[in-house]
>>> print(open('entry-v6.csv').read())   # CSV, C-alpha atoms
chain,number,residue,atom,x,y,z
A,2,MET,CA,-26.2,-29.4,-10.0
A,3,ASP,CA,-24.3,-30.7,-12.9
A,4,LEU,CA,-26.4,-33.8,-12.9
A,5,VAL,CA,-29.5,-31.7,-12.7
A,6,TRP,CA,-28.4,-29.7,-15.8
A,7,LEU,CA,-27.9,-32.9,-17.8
A,8,ALA,CA,-31.2,-34.3,-16.6
A,9,LEU,CA,-33.1,-31.2,-17.7
A,10,ILE,CA,-31.4,-31.2,-21.1
A,11,GLY,CA,-32.2,-34.9,-21.4
A,12,PHE,CA,-35.9,-34.2,-20.6
A,13,LEU,CA,-36.0,-31.5,-23.4
A,14,ALA,CA,-34.8,-34.1,-25.9
A,15,VAL,CA,-37.1,-36.9,-24.6
A,16,LEU,CA,-40.2,-34.7,-24.6
A,17,ASN,CA,-39.8,-34.1,-28.3
A,18,PRO,CA,-38.8,-37.5,-29.8
A,19,ARG,CA,-39.1,-36.1,-33.3
A,20,LEU,CA,-35.9,-34.1,-32.8
A,21,GLU,CA,-33.2,-35.3,-35.2
A,22,ILE,CA,-29.8,-36.4,-33.8
A,23,HIS,CA,-28.0,-33.2,-34.7
A,24,LYS,CA,-30.7,-31.2,-32.8
A,25,GLN,CA,-30.2,-33.4,-29.8
A,26,LEU,CA,-26.5,-32.9,-30.1
A,27,ILE,CA,-27.0,-29.1,-29.9
A,28,LEU,CA,-29.0,-29.6,-26.7
A,29,LEU,CA,-26.2,-31.8,-25.3
A,30,ALA,CA,-23.6,-29.1,-26.3
A,31,ILE,CA,-25.6,-26.5,-24.4
A,32,GLY,CA,-25.8,-28.6,-21.3
A,33,LEU,CA,-22.1,-29.6,-21.4
A,34,PHE,CA,-20.9,-26.1,-22.1
A,35,GLN,CA,-23.0,-24.8,-19.2
A,36,ILE,CA,-21.2,-27.3,-16.9
A,37,PHE,CA,-17.7,-27.1,-18.3
A,38,ASP,CA,-17.5,-23.5,-19.6
A,39,ARG,CA,-14.9,-22.4,-17.0
A,40,ARG,CA,-12.6,-25.2,-17.9
A,41,LEU,CA,-13.0,-24.9,-21.7
A,42,LEU,CA,-12.4,-21.1,-21.5
A,43,ALA,CA,-9.5,-21.3,-19.0
A,44,PRO,CA,-6.8,-20.5,-21.6
A,45,LEU,CA,-8.5,-17.2,-22.4
A,46,PRO,CA,-7.7,-13.9,-20.5
A,47,ALA,CA,-9.6,-13.7,-17.3
A,48,ASN,CA,-11.4,-10.4,-18.3
A,49,ARG,CA,-12.8,-12.0,-21.4
A,50,ARG,CA,-14.0,-15.4,-20.2
A,51,ASN,CA,-17.4,-14.2,-19.0
A,52,ALA,CA,-18.1,-12.4,-22.3
A,53,TYR,CA,-17.1,-15.4,-24.4
A,54,SER,CA,-19.2,-17.7,-22.2
A,55,VAL,CA,-22.4,-15.7,-22.7
A,56,LEU,CA,-21.7,-15.1,-26.4
A,57,ILE,CA,-21.3,-18.9,-27.1
A,58,LYS,CA,-24.5,-19.7,-25.2
A,59,ILE,CA,-26.4,-17.1,-27.3
A,60,LEU,CA,-25.0,-18.7,-30.5
A,61,LEU,CA,-25.9,-22.2,-29.3
A,62,ALA,CA,-29.4,-21.1,-28.4
A,63,THR,CA,-29.8,-19.4,-31.8
A,64,LEU,CA,-28.5,-22.5,-33.5
A,65,LEU,CA,-30.9,-24.7,-31.6
A,66,LEU,CA,-33.9,-22.5,-32.4
A,67,GLY,CA,-33.1,-22.6,-36.1
A,68,HIS,CA,-33.2,-26.5,-36.1
A,69,THR,CA,-36.3,-27.2,-34.0
A,70,ALA,CA,-39.0,-25.7,-36.1
A,71,THR,CA,-40.0,-24.7,-39.6
A,72,LEU,CA,-40.7,-21.2,-38.3
A,73,PRO,CA,-37.9,-20.6,-35.7
A,74,ILE,CA,-39.5,-17.4,-34.3
A,75,ALA,CA,-42.5,-19.6,-33.2
A,76,SER,CA,-40.4,-22.4,-31.8
A,77,PRO,CA,-41.3,-23.5,-28.3
A,78,TYR,CA,-37.6,-23.8,-27.6
A,79,TRP,CA,-37.3,-20.0,-27.6
A,80,LEU,CA,-37.1,-20.3,-23.8
A,81,ILE,CA,-33.5,-21.6,-24.1
A,82,TYR,CA,-32.5,-17.9,-24.4
A,83,TYR,CA,-33.0,-17.7,-20.6
A,84,VAL,CA,-29.8,-19.7,-20.2
A,85,PRO,CA,-27.4,-17.0,-21.6
A,86,VAL,CA,-29.6,-14.2,-20.1
A,87,VAL,CA,-29.5,-15.7,-16.6
A,88,SER,CA,-25.8,-16.4,-17.0
A,89,ALA,CA,-25.1,-12.8,-18.0
A,90,ALA,CA,-27.2,-11.6,-15.0
A,91,THR,CA,-25.0,-13.6,-12.6
A,92,LEU,CA,-21.7,-12.6,-14.2
A,93,PHE,CA,-22.1,-8.9,-15.0
A,94,GLU,CA,-23.3,-5.8,-13.3
A,95,ALA,CA,-26.6,-4.1,-14.4
A,96,ARG,CA,-25.2,-2.4,-17.5
A,97,GLY,CA,-23.6,-5.5,-18.8
A,98,THR,CA,-26.7,-7.6,-18.0
A,99,LEU,CA,-28.9,-5.3,-20.0
A,100,LEU,CA,-26.4,-5.3,-22.9
A,101,TRP,CA,-26.2,-9.1,-23.1
A,102,THR,CA,-30.0,-9.4,-22.7
A,103,ALA,CA,-30.5,-7.0,-25.6
A,104,LEU,CA,-28.0,-9.1,-27.7
A,105,ALA,CA,-29.9,-12.3,-26.9
A,106,SER,CA,-33.2,-10.6,-27.7
A,107,ALA,CA,-31.8,-9.4,-31.0
A,108,ALA,CA,-30.6,-12.9,-31.9
A,109,TYR,CA,-34.1,-14.2,-31.2
A,110,CYS,CA,-35.8,-11.5,-33.1
A,111,SER,CA,-33.5,-12.0,-36.1
A,112,TYR,CA,-35.7,-15.0,-37.1
A,113,LEU,CA,-38.5,-12.5,-37.6
A,114,ILE,CA,-36.8,-11.3,-40.9
A,115,PRO,CA,-37.2,-14.5,-42.9
A,116,ALA,CA,-40.6,-15.2,-41.3
A,117,LEU,CA,-42.0,-11.9,-42.7
A,118,LYS,CA,-41.2,-13.0,-46.2
A,119,GLU,CA,-43.9,-15.7,-45.9
A,120,PHE,CA,-46.2,-14.6,-43.1
A,121,GLU,CA,-47.8,-11.4,-41.9
A,122,LEU,CA,-47.1,-10.2,-38.4
A,123,THR,CA,-50.5,-9.7,-36.7
A,124,PRO,CA,-51.1,-7.3,-33.7
A,125,SER,CA,-51.4,-10.4,-31.4
A,126,GLY,CA,-48.1,-11.7,-32.8
A,127,GLU,CA,-46.5,-8.3,-32.1
A,128,THR,CA,-47.8,-8.4,-28.5
A,129,GLU,CA,-46.6,-11.9,-27.9
A,130,LEU,CA,-43.1,-11.2,-29.3
A,131,ALA,CA,-42.9,-8.1,-27.2
A,132,LEU,CA,-43.9,-10.0,-24.1
A,133,ARG,CA,-41.3,-12.7,-24.7
A,134,VAL,CA,-38.6,-10.0,-25.1
A,135,LEU,CA,-39.8,-8.1,-22.0
A,136,PHE,CA,-39.9,-11.3,-19.9
A,137,LEU,CA,-36.2,-11.9,-20.9
A,138,PHE,CA,-35.3,-8.4,-19.6
A,139,LEU,CA,-37.5,-8.9,-16.5
A,140,ALA,CA,-35.8,-12.2,-15.6
A,141,ALA,CA,-32.4,-10.7,-16.2
A,142,ILE,CA,-33.1,-7.8,-13.9
A,143,ILE,CA,-34.5,-9.9,-11.1
A,144,VAL,CA,-31.6,-12.4,-11.2
A,145,ASN,CA,-29.1,-9.6,-11.5
A,146,GLN,CA,-30.4,-8.0,-8.3
A,147,PHE,CA,-30.0,-11.2,-6.4
A,148,ALA,CA,-26.6,-11.8,-7.9
A,149,THR,CA,-25.4,-8.3,-7.2
A,150,ALA,CA,-26.5,-8.5,-3.6
A,151,ASN,CA,-24.8,-11.8,-3.2
A,152,ARG,CA,-21.5,-10.4,-4.7
A,153,ARG,CA,-21.6,-7.4,-2.4
A,154,GLN,CA,-22.2,-9.7,0.6
A,155,ALA,CA,-19.4,-11.9,-0.5
A,156,GLU,CA,-17.1,-8.9,-0.9
A,157,GLY,CA,-18.1,-7.7,2.5
A,158,TYR,CA,-17.3,-11.0,4.0
A,159,ARG,CA,-13.9,-11.0,2.2
A,160,ARG,CA,-13.0,-7.6,3.5
A,161,LEU,CA,-14.1,-8.5,7.0
A,162,ALA,CA,-11.9,-11.7,6.8
A,163,GLU,CA,-9.0,-9.5,5.7
A,164,GLU,CA,-9.6,-7.0,8.5
A,165,LEU,CA,-9.8,-9.9,11.0
A,166,ALA,CA,-6.6,-11.4,9.7
A,167,ASP,CA,-4.9,-8.0,9.9
A,168,THR,CA,-6.2,-7.4,13.4
A,169,ASN,CA,-5.1,-10.9,14.5
A,170,LYS,CA,-1.7,-10.2,13.1
A,171,ARG,CA,-1.4,-6.9,14.9
A,172,LEU,CA,-2.7,-8.6,18.1
A,173,GLN,CA,0.0,-11.2,17.8
A,174,GLN,CA,2.7,-8.5,17.3
A,175,ALA,CA,1.3,-6.6,20.3
A,176,GLN,CA,1.4,-9.8,22.5
A,177,ALA,CA,5.0,-10.4,21.4
A,178,GLU,CA,6.0,-6.8,22.2
A,179,VAL,CA,4.3,-7.2,25.6
A,180,ARG,CA,6.1,-10.4,26.4
A,181,ARG,CA,9.4,-8.8,25.3
A,182,SER,CA,8.7,-5.7,27.5
A,183,GLU,CA,8.0,-8.0,30.5
A,184,ARG,CA,11.2,-9.9,29.9
A,185,LEU,CA,13.1,-6.6,29.6
A,186,ALA,CA,11.6,-5.3,32.8
A,187,ALA,CA,12.4,-8.4,34.8
A,188,LEU,CA,15.9,-8.6,33.4
A,189,GLY,CA,16.4,-4.9,34.1
A,190,GLN,CA,15.6,-5.3,37.8
A,191,LEU,CA,17.9,-8.3,38.0
A,192,THR,CA,20.6,-6.5,36.1
A,193,ALA,CA,20.5,-3.5,38.4
A,194,GLY,CA,20.9,-5.6,41.5
A,195,VAL,CA,23.7,-7.7,40.1
A,196,ALA,CA,25.5,-4.6,38.6
A,197,HIS,CA,25.5,-2.8,42.0
A,198,GLU,CA,26.8,-5.9,43.8
A,199,ILE,CA,29.6,-6.3,41.2
A,200,ARG,CA,30.7,-2.6,41.2
A,201,ASN,CA,31.7,-2.6,44.9
A,202,PRO,CA,34.2,-5.5,44.6
A,203,LEU,CA,35.5,-4.0,41.4
A,204,GLY,CA,36.3,-0.7,43.3
A,205,VAL,CA,38.2,-2.6,45.9
A,206,ILE,CA,40.1,-4.6,43.3
A,207,LYS,CA,41.1,-1.5,41.4
A,208,GLY,CA,42.2,0.4,44.5
A,209,SER,CA,44.2,-2.5,45.7
A,210,ALA,CA,45.9,-2.9,42.4
A,211,GLU,CA,46.8,0.8,42.3
A,212,MET,CA,48.3,0.7,45.8
A,213,LEU,CA,50.2,-2.5,44.9
A,214,ALA,CA,51.6,-0.9,41.8
A,215,GLN,CA,52.8,2.1,43.9
A,216,LYS,CA,54.5,0.0,46.5
A,217,ILE,CA,56.2,-2.5,44.1
A,218,SER,CA,59.8,-1.7,43.5
A,219,SER,CA,60.5,-0.3,40.0
A,220,THR,CA,62.9,-3.1,39.5
A,221,ASP,CA,60.1,-5.7,39.6
A,222,LYS,CA,58.7,-4.9,36.1
A,223,LEU,CA,56.6,-8.1,35.9
A,224,ALA,CA,54.6,-7.3,39.1
A,225,GLY,CA,54.0,-3.7,37.9
A,226,GLU,CA,52.9,-4.9,34.5
A,227,LEU,CA,50.4,-7.4,36.1
A,228,ALA,CA,49.0,-4.7,38.4
A,229,GLY,CA,48.5,-2.6,35.3
A,230,TYR,CA,46.6,-5.4,33.6
A,231,ILE,CA,44.3,-5.7,36.7
A,232,SER,CA,43.5,-2.0,36.6
A,233,THR,CA,42.8,-2.1,32.8
A,234,GLU,CA,40.5,-5.1,33.0
A,235,VAL,CA,38.7,-3.6,36.0
A,236,ASP,CA,38.0,-0.5,34.0
A,237,ARG,CA,36.7,-2.6,31.1
A,238,LEU,CA,34.4,-4.5,33.5
A,239,ASN,CA,33.3,-1.3,35.1
A,240,GLY,CA,32.3,0.0,31.6
A,241,ILE,CA,30.2,-3.1,31.0
A,242,VAL,CA,28.6,-2.7,34.4
A,243,SER,CA,27.8,0.9,33.5
A,244,ARG,CA,26.0,-0.3,30.4
A,245,PHE,CA,24.0,-2.8,32.4
A,246,LEU,CA,23.0,0.1,34.7
A,247,ASP,CA,22.0,2.2,31.8
A,248,PHE,CA,19.8,-0.6,30.5
A,249,ALA,CA,18.2,-1.1,33.9
A,250,ARG,CA,17.8,2.6,34.8
A,251,PRO,CA,14.3,4.1,34.2
A,252,LEU,CA,14.3,6.4,31.2
A,253,GLN,CA,13.5,10.0,31.6
A,254,LEU,CA,12.1,11.2,28.3
A,255,HIS,CA,12.3,14.9,27.4
A,256,ARG,CA,9.8,15.0,24.6
A,257,ARG,CA,9.3,17.8,22.1
A,258,PRO,CA,8.2,17.8,18.5
A,259,GLU,CA,11.1,16.9,16.2
A,260,GLU,CA,11.6,16.4,12.5
A,261,ILE,CA,12.8,12.8,11.8
A,262,PRO,CA,15.1,13.4,8.7
A,263,PRO,CA,17.7,15.6,10.6
A,264,LEU,CA,18.0,13.0,13.3
A,265,LEU,CA,18.6,10.3,10.8
A,266,ASP,CA,21.1,12.3,8.9
A,267,ARG,CA,23.1,13.1,12.1
A,268,SER,CA,23.1,9.4,13.1
A,269,LEU,CA,24.3,8.3,9.6
A,270,LYS,CA,27.0,11.0,9.6
A,271,ALA,CA,28.2,9.9,13.1
A,272,VAL,CA,28.5,6.2,12.0
A,273,ARG,CA,30.2,7.1,8.7
A,274,ASP,CA,32.7,9.4,10.4
A,275,GLY,CA,33.6,6.7,13.0
A,276,ARG,CA,34.8,4.3,10.3
A,277,THR,CA,38.2,4.1,8.7
A,278,GLN,CA,37.0,2.3,5.6
A,279,ASP,CA,33.8,3.3,3.9
A,280,THR,CA,32.5,0.6,1.6
A,281,VAL,CA,28.8,1.1,2.3
A,282,GLN,CA,26.5,3.2,0.0
A,283,VAL,CA,23.8,5.0,1.9
A,284,GLU,CA,20.4,5.7,0.1
A,285,ARG,CA,18.0,8.1,1.8
A,286,GLN,CA,14.3,8.0,1.0
A,287,TYR,CA,12.4,10.6,3.0
A,288,ALA,CA,8.8,11.2,2.1
A,289,PRO,CA,7.8,14.9,1.9
A,290,GLY,CA,5.5,16.3,4.5
A,291,LEU,CA,6.4,14.1,7.4
A,292,PRO,CA,4.7,15.2,10.6
A,293,PRO,CA,6.8,16.2,13.6
A,294,VAL,CA,7.0,13.5,16.2
A,295,PRO,CA,7.1,14.2,20.0
A,296,LEU,CA,10.2,12.4,21.1
A,297,ASP,CA,13.5,12.6,23.0
A,298,ALA,CA,16.0,13.6,20.3
A,299,ASP,CA,19.1,12.2,22.1
A,300,LEU,CA,17.6,8.8,22.8
A,301,CYS,CA,16.1,8.4,19.3
A,302,GLU,CA,19.4,9.5,17.8
A,303,GLN,CA,21.0,6.7,19.9
A,304,VAL,CA,18.4,4.3,18.4
A,305,PHE,CA,19.2,5.3,14.8
A,306,THR,CA,22.9,5.2,15.4
A,307,ASN,CA,22.8,1.7,16.8
A,308,LEU,CA,20.7,0.4,13.9
A,309,ALA,CA,22.9,2.0,11.3
A,310,LEU,CA,26.1,0.7,13.0
A,311,ASN,CA,24.6,-2.8,13.1
A,312,ALA,CA,23.8,-2.6,9.4
A,313,TYR,CA,27.4,-1.5,8.6
A,314,GLN,CA,28.8,-4.4,10.7
A,315,ALA,CA,26.4,-6.9,9.1
A,316,MET,CA,27.6,-6.0,5.6
A,317,GLY,CA,31.3,-6.2,6.7
A,318,GLN,CA,34.3,-5.0,4.7
A,319,ASN,CA,32.7,-6.2,1.4
A,320,GLY,CA,30.3,-3.3,1.7
A,321,GLY,CA,26.8,-3.0,0.4
A,322,THR,CA,23.8,-0.7,0.4
A,323,LEU,CA,22.0,0.8,3.4
A,324,ARG,CA,18.6,2.2,2.6
A,325,VAL,CA,17.1,4.5,5.2
A,326,SER,CA,13.5,5.6,4.6
A,327,ALA,CA,10.9,7.5,6.5
A,328,ARG,CA,7.2,7.8,5.5
A,329,PRO,CA,3.9,8.6,7.1
A,330,ALA,CA,2.1,5.5,8.5
A,331,ASN,CA,-0.7,4.3,10.7
A,332,SER,CA,-0.5,1.7,13.5
A,333,GLY,CA,-4.1,0.8,14.1
A,334,VAL,CA,-5.8,4.2,14.5
A,335,ARG,CA,-2.6,6.1,15.4
A,336,PRO,CA,-0.9,8.3,12.8
A,337,GLY,CA,2.8,8.5,12.9
A,338,VAL,CA,6.1,7.9,11.0
A,339,GLU,CA,7.6,4.6,10.0
A,340,ILE,CA,11.4,4.5,9.7
A,341,GLU,CA,13.1,1.6,8.0
A,342,PHE,CA,16.8,0.5,8.0
A,343,ALA,CA,17.3,-2.0,5.2
A,344,ASP,CA,20.8,-3.5,4.5
A,345,THR,CA,22.1,-5.9,1.9
A,346,GLY,CA,23.8,-8.2,4.5
A,347,PRO,CA,23.1,-11.8,5.2
A,348,GLY,CA,20.0,-11.1,7.2
A,349,VAL,CA,18.8,-12.8,10.4
A,350,SER,CA,18.0,-16.6,10.4
A,351,PRO,CA,14.5,-17.5,11.5
A,352,GLU,CA,15.6,-19.2,14.7
A,353,LEU,CA,17.2,-16.0,15.9
A,354,ARG,CA,14.4,-13.5,15.1
A,355,GLU,CA,12.7,-14.0,18.4
A,356,GLN,CA,15.9,-13.6,20.4
A,357,ILE,CA,17.7,-10.6,18.9
A,358,PHE,CA,15.8,-8.1,21.2
A,359,ASN,CA,16.5,-10.1,24.3
A,360,PRO,CA,19.2,-8.7,26.7
A,361,PHE,CA,22.6,-10.3,26.6
A,362,PHE,CA,21.9,-12.1,23.3
A,363,THR,CA,24.6,-11.4,20.7
A,364,THR,CA,26.2,-13.0,17.7
A,365,LYS,CA,29.2,-10.7,17.9
A,366,ARG,CA,32.5,-12.0,19.3
A,367,ASP,CA,33.0,-8.9,21.5
A,368,GLY,CA,29.4,-7.8,22.0
A,369,VAL,CA,27.5,-7.6,25.2
A,370,GLY,CA,24.0,-8.1,23.7
A,371,LEU,CA,22.4,-4.9,25.0
A,372,GLY,CA,22.3,-2.8,21.9
A,373,LEU,CA,19.0,-3.9,20.4
A,374,SER,CA,17.5,-4.4,23.9
A,375,ILE,CA,18.1,-0.8,24.7
A,376,VAL,CA,16.8,0.2,21.2
A,377,SER,CA,13.6,-1.8,21.8
A,378,ARG,CA,13.2,-0.2,25.3
A,379,ILE,CA,13.6,3.3,24.0
A,380,ILE,CA,11.0,2.7,21.3
A,381,ASP,CA,8.6,1.1,23.8
A,382,GLU,CA,8.9,4.2,26.1
A,383,HIS,CA,7.9,6.4,23.2
A,384,GLY,CA,4.8,4.3,22.6
A,385,GLY,CA,6.1,3.0,19.3
A,386,SER,CA,7.1,-0.4,18.0
A,387,ILE,CA,10.0,-2.0,16.3
A,388,ARG,CA,10.1,-5.3,14.3
A,389,LEU,CA,12.4,-7.2,12.0
A,390,ALA,CA,11.4,-7.9,8.4
A,391,GLY,CA,13.3,-9.3,5.5
A,392,GLU,CA,14.1,-12.9,4.5
A,393,PRO,CA,17.4,-14.6,5.4
A,394,GLY,CA,19.9,-14.0,2.7
A,395,GLU,CA,18.2,-10.8,1.5
A,396,GLY,CA,19.3,-8.5,4.3
A,397,ALA,CA,17.7,-7.3,7.4
A,398,ARG,CA,15.0,-4.6,7.6
A,399,PHE,CA,14.2,-3.0,10.9
A,400,ARG,CA,11.0,-1.1,10.9
A,401,ILE,CA,10.2,1.5,13.6
A,402,PHE,CA,6.9,3.1,14.1
A,403,LEU,CA,6.8,6.3,16.2
A,404,PRO,CA,3.4,7.8,16.9
A,405,ALA,CA,2.9,11.5,16.0
A,406,ASP,CA,0.5,12.2,18.9
>>> encode(input="entry-v6.csv", output="structure tokens")
Amino acid sequence: MDLVWLALIGFLAVLNPRLEIHKQLILLAIGLFQIFDRRLLAPLPANRRNAYSVLIKILLATLLLGHTATLPIASPYWLIYYVPVVSAATLFEARGTLLWTALASAAYCSYLIPALKEFELTPSGETELALRVLFLFLAAIIVNQFATANRRQAEGYRRLAEELADTNKRLQQAQAEVRRSERLAALGQLTAGVAHEIRNPLGVIKGSAEMLAQKISSTDKLAGELAGYISTEVDRLNGIVSRFLDFARPLQLHRRPEEIPPLLDRSLKAVRDGRTQDTVQVERQYAPGLPPVPLDADLCEQVFTNLALNAYQAMGQNGGTLRVSARPANSGVRPGVEIEFADTGPGVSPELREQIFNPFFTTKRDGVGLGLSIVSRIIDEHGGSIRLAGEPGEGARFRIFLPAD
């Protein structure tokens, strides 16, 4: 198209060989500006480029008309005004198109003033001048209709592409949640079987250790101490097995409409009261008018407590800020509440993001790796979702969605 523009401008110059060099340069300037106007006006603010582009084209057309005939109003080059008029029709809406077309028509009709000093405007001349101006407006309106329809269609395609991208993203998240739920279900069944098999030998070991401790003479302190160690470790293992069974046991939800902020406040207070050193500042951001959510208050309080405790532990003794927010949200077509726990700790590295919700995965020295797995399972049972946001080094943000219906 750029070559076509230059060819057309060249034909205009060739068809009238009597044109002086400066007139041909004006034609060349019109053609080059039509091609490179975006690059030439790039330093200007974006909201002014279109206006400057049309204005400069009107000035160049007016300048050309004044140099191509003794009587510019009668110059055959008056058609060059179609260039700024059509440009305005493609760049602006209907009101802007009419405004710029009126300005181009005024620039053309301005040559009527010096012409009237030497010539008289006849009725046929008035009719021809009016027809030329009306044809400028007619061309502007027709082009603007097509340009507006094209812009609306392009905008529709853009919105459709954004909706498809958002839908695809939600689909990927749903697939990841389904895969995680399947892993949790399989591991839960395996854990239940293994935990039951472990608990029976543990009972025998503990009973034997207690009987051994009773029969050992009080003078054999070492044997008594070792028997005590056996009982203590058995109790610890039994506690771990109980957690495994809690993870594997089907959840019995007792739902009823609950307000989210009081649950969050109770969880934050429980975590704060359980710490000897408090170096974490808690910021609460609860949106007004949150809808009640049908949920099991005890289980959801366990979820919030676990996430708050993880945030405290992630920030360590150096402390930081824990921001807890709750706001209305939509997941697809479901209204609900989105809860976010955002800390200022080190965050989670990209390679660990897909694993943190897996059972038995932990980065803590004394952890079992069931905390976030149980959290994810509770949220899944409520029909909600949980995901990790935040960049490494900027803290972790756990976002929970709980449907309100």
>>> residues_around(input="entry-v6.csv", residues="stretch 281-297 of chain A", least_positions_apart="4", cutoff="8 Å", atoms="all atoms listed in the file", output="NGL selection string")
:A and (254-262 or 301 or 313 or 316 or 320-329 or 337-338 or 383 or 403-406)
>>> closest_residue(input="entry-v6.csv", among="A:Ala309, A:Ala89, A:Ala343, A:Ile357", to="A:Ala140", atoms="all atoms listed in the file")
A:Ala89
>>> atom_distance(input="entry-v6.csv", atom1="atom CA of A:Thr63", atom2="atom CA of A:Tyr109")
6.8 Å
>>> atom_distance(input="entry-v6.csv", atom1="atom CA of A:Asp279", atom2="atom CA of A:Gly372")
22.2 Å
>>> residues_around(input="entry-v6.csv", residues="A:Lys58", least_positions_apart="6", cutoff="12 Å", atoms="all atoms listed in the file", output="PyMOL selection string")
chain A and resi 27-28+30-36+38+51-52+64-65+81-89+101-102+104-105+108
>>> residues_around(input="entry-v6.csv", residues="A:Arg152", least_positions_apart="4", cutoff="12 Å", atoms="all atoms listed in the file", output="PyMOL selection string")
chain A and resi 90-94+145-148+156-159
>>> atom_distance(input="entry-v6.csv", atom1="atom CA of A:Ile57", atom2="atom CA of A:Phe37")
12.6 Å
>>> residues_near_point(input="entry-v6.csv", point="(5.1, 3.4, 14.6)", cutoff="9 Å", atoms="all atoms listed in the file", output="PyMOL selection string")
chain A and resi 330-332+335-340+380+384-387+400-405
>>> residues_around(input="entry-v6.csv", residues="A:Val304", least_positions_apart="3", cutoff="10 Å", atoms="all atoms listed in the file", output="CSV table (one decimal) with C-alpha atoms, keeping the file's coordinate frame")
chain,number,residue,atom,x,y,z
A,265,LEU,CA,18.6,10.3,10.8
A,268,SER,CA,23.1,9.4,13.1
A,298,ALA,CA,16.0,13.6,20.3
A,299,ASP,CA,19.1,12.2,22.1
A,300,LEU,CA,17.6,8.8,22.8
A,301,CYS,CA,16.1,8.4,19.3
A,307,ASN,CA,22.8,1.7,16.8
A,308,LEU,CA,20.7,0.4,13.9
A,309,ALA,CA,22.9,2.0,11.3
A,372,GLY,CA,22.3,-2.8,21.9
A,373,LEU,CA,19.0,-3.9,20.4
A,375,ILE,CA,18.1,-0.8,24.7
A,376,VAL,CA,16.8,0.2,21.2
A,377,SER,CA,13.6,-1.8,21.8
A,378,ARG,CA,13.2,-0.2,25.3
A,379,ILE,CA,13.6,3.3,24.0
A,380,ILE,CA,11.0,2.7,21.3
A,401,ILE,CA,10.2,1.5,13.6
>>> residues_near_point(input="entry-v6.csv", point="(16.7, -14.1, -1.4)", cutoff="12 Å", atoms="all atoms listed in the file", output="PyMOL selection string")
chain A and resi 345-348+391-397
